[in-house]
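J.: So that we are looking at the same thing, I have put the structure below in structure tokens.
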Amino acid sequence: MDAVRVSALRQHLVGTGWLEAVGGFAGSLWRSVSRRGAGELLLIGTEAYEPWHLAAHLADEAAWSAVPRLAPTLLRHAPPTGAPAHLAHGLSRLTGAGRGATLLVVAPEAAGAPLLERVQDARRQGATVLALDGAAPAEPGDLGGLAHERLAVGTADEEPFDLAQHLVSAAAGRARARRTALDRLAGLAGRLTAPPAISRW
């Protein structure tokens with residue numbers, strides 16, 4: 001989806017509360033990957049759904065926003081033999097995911113028990129778990145219950161799952177731009193309100 005269509009979608013969703021939810025989730029993603037001591041971002045789908053497009057868009061946003069850790073490593077349930085290096089990472093990578101790592105799990109439908117067990121183990125080891133999933137109520141032990149933060153996507157035409165991923169990736173890339181602008185304003189305010197410096201000369 002191009003930037004014009006994303007912008008049009010944003011305008012369509014103004015006032016629905018959806019943009020605020022996406023912005024909050026994307027901000028959590030940005031903070032998790034950019035905090036001190038942050039490790040890699042691991043992007044995981046389900047056996048039936050691999051979030052290829054989200055991986056590509058996050059990589060683009062990482063380059064644009066100068067936050068390299070926003071570029072994810074896509075983990076696949078069954079990478080085929082001979083797959084290119086960036087598409088050959090299996091779920092075994094979750095074994096070493098601990099403190100500092102961010103797991104972004106994308107599941108339009110219920111995640112299977114084997115994946116949930118691996119995600120739970122990674123969370124116990126200190127990984128931050130973010131979930132972009134269907135709108136079923138969160139229950140203990142399911143993906144929504146395991147996630148530190150969750151964005152539940154409805155099935156209405158206004159909120160299709162693929163569009164939600166575009167909005168999340170775009171908002172995650174802009175999070176740094178907004179923070180940088182606020183930092184500049186805060187710095188300017190600090191200089192304007194500080195007492196005049198006394199010259200040593």
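Order determines the names: the first chain of the structure tokens is A, the second B, and so forth; residues in each chain are numbered 1 upward, and ligands are numbered 1 upward as they are shown.
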Residues within 10 Å of Trp52 in chain A, please, as an MDAnalysis selection string. Count only C-alpha atoms; anything in the same chain fewer than 6 positions from it doesn't count.
T.: chainID A and resid 43:45 74 87
J.: Contacts of Pro80 in chain A at 10 Å or less, counting only C-alpha atoms, minus same-chain residues fewer than 4 places along, as an MDAnalysis selection string?
T.: chainID A and resid 76 84 87:90
J.: Would you write out, as CSV, a table of all residues in range 56-75 of chain A that have an atom no more than 9 Å from an atom of range 37-42 of chain A, listing for each the closest atom pair and the distance in Å to one decimal, considering only C-alpha atoms and ordering rows by chain and rising residue number?
T.:
residue,atom,partner,partner_atom,distance
A:Arg69,CA,A:Glu40,CA,6.0
A:Leu70,CA,A:Leu41,CA,6.6
A:Ala71,CA,A:Leu41,CA,6.9
A:Pro72,CA,A:Leu41,CA,4.8
A:Thr73,CA,A:Leu42,CA,4.9
A:Leu74,CA,A:Leu42,CA,6.1
A:Leu75,CA,A:Leu42,CA,6.8
J.: Considering only C-alpha atoms, return as a PyMOL selection string whatever protein or nucleic-acid residues lie within 12 Å of Arg124 in chain A, sequence-local ones (same chain, fewer than 6 positions apart) excluded.
T.: chain A and resi 94-99+101+117-118+146-148
J.: Assign secondary structure with DSSP using the backbone only, and return the residues of range 31-177 of chain A in helix (DSSP H, G or I) as an MDAnalysis selection string.
T.: chainID A and resid 31:34 52:65 68:70 85:87 91:96 113:124 143:146 161:177
